[in-house]
>>> print(open('run-v3.cif').read())   # mmCIF, C-alpha atoms
data_final
#
loop_
_atom_site.label_atom_id
_atom_site.label_comp_id
_atom_site.auth_asym_id
_atom_site.auth_seq_id
_atom_site.Cartn_x
_atom_site.Cartn_y
_atom_site.Cartn_z
CA MET O 164 -2.40 1.66 17.41
CA ASN O 165 -1.21 -0.70 20.13
CA SER O 166 2.19 -1.61 21.54
CA LEU O 167 3.76 -2.82 18.30
CA PRO O 168 6.49 -0.59 16.86
CA ILE O 169 5.21 1.93 14.30
CA ILE O 170 6.82 2.45 10.88
CA SER O 171 6.08 5.31 8.50
CA VAL O 172 6.93 5.50 4.79
CA SER O 173 6.10 8.28 2.37
CA THR O 174 6.52 9.47 -1.19
CA ILE O 175 5.49 12.40 -3.35
CA VAL O 176 3.81 11.53 -6.63
CA LYS O 177 3.91 14.22 -9.30
CA VAL O 178 0.31 13.76 -10.46
CA PRO O 179 -3.10 14.95 -9.22
CA ILE O 180 -4.74 13.14 -6.32
CA ALA O 181 -7.59 11.71 -8.46
CA LEU O 182 -5.10 9.68 -10.48
CA VAL O 183 -3.18 8.62 -7.36
CA TRP O 184 -6.41 7.36 -5.77
CA GLU O 185 -7.44 5.45 -8.91
CA TYR O 186 -4.06 3.75 -9.27
CA TRP O 187 -3.92 2.95 -5.53
CA THR O 188 -7.39 1.37 -5.34
CA LYS O 189 -8.13 -0.35 -8.67
CA PRO O 190 -6.99 -3.99 -8.94
CA GLU O 191 -5.87 -3.64 -12.58
CA HIS O 192 -3.32 -1.07 -11.39
CA ILE O 193 -2.41 -2.71 -8.06
CA VAL O 194 -1.06 -5.79 -9.87
CA MET O 195 1.31 -3.53 -11.83
CA TRP O 196 3.11 -1.89 -8.90
CA ASN O 197 2.56 -3.96 -5.74
CA HIS O 198 5.94 -5.67 -5.30
CA ALA O 199 9.08 -4.83 -3.34
CA SER O 200 11.68 -6.10 -5.82
CA GLY O 201 12.01 -7.15 -9.45
CA ASP O 202 11.96 -10.87 -8.63
CA TRP O 203 8.48 -10.59 -7.07
CA HIS O 204 5.13 -9.64 -8.55
CA CYS O 205 1.45 -9.32 -7.66
CA PRO O 206 -0.42 -11.69 -10.01
CA LYS O 207 -3.84 -11.13 -8.39
CA ALA O 208 -5.56 -8.28 -6.54
CA GLU O 209 -9.06 -7.92 -5.16
CA ASN O 210 -10.04 -4.65 -3.49
CA GLU O 211 -13.42 -3.57 -2.11
CA VAL O 212 -12.76 0.01 -0.99
CA LYS O 213 -15.48 0.68 1.59
CA ILE O 214 -15.81 0.40 5.35
CA GLY O 215 -15.92 -3.34 6.08
CA GLY O 216 -14.68 -4.06 2.56
CA ARG O 217 -11.98 -6.67 2.10
CA PHE O 218 -8.80 -6.70 0.06
CA SER O 219 -6.50 -9.53 -0.94
CA PHE O 220 -3.26 -9.09 -2.89
CA THR O 221 -1.29 -12.16 -3.93
CA MET O 222 2.43 -11.53 -3.53
CA ALA O 223 4.58 -14.11 -5.33
CA ALA O 224 8.16 -14.80 -6.29
CA LYS O 225 8.40 -14.82 -10.08
CA ASP O 226 10.28 -18.15 -9.95
CA GLY O 227 7.29 -19.77 -8.21
CA THR O 228 9.14 -20.68 -5.00
CA MET O 229 7.03 -18.54 -2.62
CA SER O 230 3.74 -16.72 -2.43
CA PHE O 231 1.34 -15.34 0.14
CA ASN O 232 -1.83 -13.29 0.29
CA PHE O 233 -1.65 -9.87 1.90
CA GLU O 234 -5.19 -9.42 3.22
CA GLY O 235 -7.23 -7.11 5.38
CA VAL O 236 -10.46 -5.24 6.06
CA TYR O 237 -11.02 -1.50 5.69
CA ARG O 238 -11.90 0.35 8.91
CA ALA O 239 -12.16 3.84 7.38
CA VAL O 240 -12.42 5.19 3.85
CA LEU O 241 -12.40 8.88 2.98
CA LYS O 242 -12.19 9.03 -0.83
CA LYS O 243 -9.01 10.70 -2.14
CA SER O 244 -7.93 11.44 1.43
CA PHE O 245 -7.54 8.55 3.89
CA LEU O 246 -7.67 4.76 4.22
CA SER O 247 -7.33 2.68 7.36
CA TYR O 248 -7.32 -1.10 7.47
CA LEU O 249 -6.62 -4.03 9.71
CA MET O 250 -4.36 -6.68 8.25
CA ALA O 251 -5.35 -10.33 8.62
CA ASP O 252 -3.05 -10.62 11.66
CA GLY O 253 -4.75 -7.65 13.39
CA ARG O 254 -2.09 -5.01 12.72
CA ARG O 255 -3.26 -1.59 11.62
CA CYS O 256 -2.23 0.57 8.67
CA ASP O 257 -3.32 4.16 7.99
CA ILE O 258 -2.73 5.77 4.60
CA THR O 259 -3.00 9.51 4.04
CA PHE O 260 -3.26 11.13 0.60
CA GLU O 261 -2.37 14.83 0.77
CA ILE O 262 -2.62 17.45 -1.98
CA LEU O 263 0.47 19.64 -1.94
CA LYS O 264 0.58 23.30 -3.05
CA SER O 265 2.43 22.17 -6.18
CA GLY O 266 -0.53 19.99 -7.17
CA ASP O 267 1.51 16.86 -6.42
CA THR O 268 0.25 14.23 -3.99
CA ARG O 269 2.00 12.96 -0.86
CA VAL O 270 1.16 9.37 0.11
CA THR O 271 2.07 8.35 3.66
CA GLU O 272 1.61 4.88 5.15
CA VAL O 273 1.87 4.42 8.92
CA PHE O 274 1.69 0.80 10.03
CA GLU O 275 2.27 -1.48 12.96
CA ALA O 276 5.36 -3.59 12.42
CA GLU O 277 5.29 -7.36 12.69
CA ARG O 278 7.75 -9.19 14.91
CA GLU O 279 9.28 -11.67 12.42
CA ASN O 280 11.42 -9.30 10.35
CA SER O 281 13.63 -6.41 11.44
CA LEU O 282 12.13 -2.92 11.48
CA GLU O 283 14.70 -1.87 8.87
CA LEU O 284 13.71 -4.70 6.52
CA GLN O 285 10.01 -3.91 6.88
CA GLU O 286 10.59 -0.20 6.28
CA MET O 287 12.73 -0.95 3.21
CA GLY O 288 10.13 -3.34 1.77
CA TRP O 289 7.15 -1.04 2.26
CA GLN O 290 9.13 1.94 0.95
CA ALA O 291 10.19 -0.07 -2.13
CA ILE O 292 6.54 -0.87 -2.88
CA LEU O 293 5.62 2.79 -2.43
CA ASP O 294 8.47 3.81 -4.76
CA ASN O 295 7.22 1.29 -7.37
CA PHE O 296 3.77 2.86 -7.03
CA ARG O 297 5.17 6.35 -7.62
CA GLU O 298 7.13 5.25 -10.68
CA TYR O 299 4.15 3.38 -12.16
CA VAL O 300 1.75 6.32 -11.68
CA GLU O 301 4.19 8.93 -12.98
CA LEU O 302 4.92 6.88 -16.10
CA GLY O 303 1.16 6.70 -16.63
#
>>> encode(input="run-v3.cif", output="structure tokens")
Amino acid sequence: MNSLPIISVSTIVKVPIALVWEYWTKPEHIVMWNHASGDWHCPKAENEVKIGGRFSFTMAAKDGTMSFNFEGVYRAVLKKSFLSYLMADGRRCDITFEILKSGDTRVTEVFEAERENSLELQEMGWQAILDNFREYVELG
């Protein structure tokens, strides 16, 4: 990673890693959890999980006032273990999936921050999305 500040967020999901991986990578699940707050949603997700594969997640305000595509290209894919991608603006994100002794799964995202929003706001937003993921997976 280069000179941009680095942010790390993490959560423990109380389900086996196979289910975590499926819910993290399949578009029909991504659209259910990929939002930072209740007034936003993810109406569309495309995800080609392979080295050189592309992803695009539409992030939109439910009231229709704003939307954007969060896009990137995978640099590394180790099934049920690790993902690394470059975002459309060139920033890097690494995601580690770790099996804990309890059988639970720790998901950790380490990413290069952008310069528009405060580090605190970025950390809060990414953590909120990760928390939504955990809740969605655990509710099954």
>>> resolve_selection(input="run-v3.cif", expression="the PyMOL selection byres ((chain O and resi 288-294) around 9)", output="JSON, numbers by chain")
{"O": [171, 172, 173, 174, 196, 197, 198, 199, 200, 270, 271, 272, 283, 284, 285, 286, 287, 295, 296, 297, 298, 299]}
>>> atom_distance(input="run-v3.cif", atom1="CA of Leu249 (chain O)", atom2="CA of Tyr237 (chain O)")
6.5 Å
>>> closest_residue(input="run-v3.cif", among="O:Leu246, O:Pro179, O:Trp203, O:Ile262", to="Thr228 (chain O)", atoms="all atoms listed in the file")
O:Trp203
>>> atom_distance(input="run-v3.cif", atom1="CA of Asn232 (chain O)", atom2="CA of Arg269 (chain O)")
26.6 Å
>>> resolve_selection(input="run-v3.cif", expression="the PyMOL selection byres ((chain O and resi 166) around 12)", output="MDAnalysis selection string")
chainID O and resid 164:165 167:169 254:255 274:278
>>> write_last_selection(input="run-v3.cif", atoms="C-alpha atoms", output="PDB file, keeping the file's coordinate frame")
ATOM      1  CA  MET O 164      -2.400   1.660  17.410  1.00  0.00           C
ATOM      2  CA  ASN O 165      -1.210  -0.700  20.130  1.00  0.00           C
ATOM      3  CA  LEU O 167       3.760  -2.820  18.300  1.00  0.00           C
ATOM      4  CA  PRO O 168       6.490  -0.590  16.860  1.00  0.00           C
ATOM      5  CA  ILE O 169       5.210   1.930  14.300  1.00  0.00           C
ATOM      6  CA  ARG O 254      -2.090  -5.010  12.720  1.00  0.00           C
ATOM      7  CA  ARG O 255      -3.260  -1.590  11.620  1.00  0.00           C
ATOM      8  CA  PHE O 274       1.690   0.800  10.030  1.00  0.00           C
ATOM      9  CA  GLU O 275       2.270  -1.480  12.960  1.00  0.00           C
ATOM     10  CA  ALA O 276       5.360  -3.590  12.420  1.00  0.00           C
ATOM     11  CA  GLU O 277       5.290  -7.360  12.690  1.00  0.00           C
ATOM     12  CA  ARG O 278       7.750  -9.190  14.910  1.00  0.00           C
TER      13      ARG O 278
END
>>> residues_around(input="run-v3.cif", residues="region 210-223 of chain O", least_positions_apart="4", cutoff="6 Å", atoms="all atoms listed in the file", output="PDB file with C-alpha atoms, in the frame of the given file")
ATOM      1  CA  TRP O 203       8.480 -10.590  -7.070  1.00  0.00           C
ATOM      2  CA  HIS O 204       5.130  -9.640  -8.550  1.00  0.00           C
ATOM      3  CA  CYS O 205       1.450  -9.320  -7.660  1.00  0.00           C
ATOM      4  CA  MET O 229       7.030 -18.540  -2.620  1.00  0.00           C
ATOM      5  CA  SER O 230       3.740 -16.720  -2.430  1.00  0.00           C
ATOM      6  CA  PHE O 231       1.340 -15.340   0.140  1.00  0.00           C
ATOM      7  CA  ASN O 232      -1.830 -13.290   0.290  1.00  0.00           C
ATOM      8  CA  PHE O 233      -1.650  -9.870   1.900  1.00  0.00           C
ATOM      9  CA  GLU O 234      -5.190  -9.420   3.220  1.00  0.00           C
ATOM     10  CA  GLY O 235      -7.230  -7.110   5.380  1.00  0.00           C
ATOM     11  CA  VAL O 236     -10.460  -5.240   6.060  1.00  0.00           C
ATOM     12  CA  TYR O 237     -11.020  -1.500   5.690  1.00  0.00           C
ATOM     13  CA  ARG O 238     -11.900   0.350   8.910  1.00  0.00           C
ATOM     14  CA  ALA O 239     -12.160   3.840   7.380  1.00  0.00           C
ATOM     15  CA  VAL O 240     -12.420   5.190   3.850  1.00  0.00           C
TER      16      VAL O 240
END
>>> closest_residue(input="run-v3.cif", among="O:Val183, O:Cys256, O:Ile193, O:Ile175", to="Ser244 (chain O)", atoms="only C-alpha atoms")
O:Val183
>>> residues_around(input="run-v3.cif", residues="Glu191 (chain O)", least_positions_apart="6", cutoff="10 Å", atoms="only C-alpha atoms", output="PyMOL selection string")
chain O and resi 185+207-209
>>> atom_distance(input="run-v3.cif", atom1="CA of Thr259 (chain O)", atom2="CA of Asp202 (chain O)")
28.3 Å
>>> resolve_selection(input="run-v3.cif", expression="the PyMOL selection byres ((chain O and resi 266) around 10)", output="list in words")
Val176, Lys177, Val178, Pro179, Ile180, Glu261, Ile262, Leu263, Lys264, Ser265, Asp267, Thr268 and Arg269 of chain O
>>> residues_near_point(input="run-v3.cif", point="(-4.4, 6.7, -8.3)", cutoff="6 Å", atoms="all atoms listed in the file", output="PyMOL selection string")
chain O and resi 181-187
>>> closest_residue(input="run-v3.cif", among="O:Lys189, O:Glu279, O:Val194, O:Val273", to="Phe260 (chain O)", atoms="all atoms listed in the file")
O:Val273
>>> axis_aligned_box(input="run-v3.cif", around="region 246-254 of chain O", padding_each_side="6 Å", output="AutoDock Vina command-line options")
--center_x -4.9 --center_y -2.9 --center_z 8.8 --size_x 17.6 --size_y 27.4 --size_z 21.2
>>> closest_residue(input="run-v3.cif", among="O:Ile170, O:Gly303, O:Gly201, O:Ile258", to="Leu282 (chain O)", atoms="only C-alpha atoms")
O:Ile170
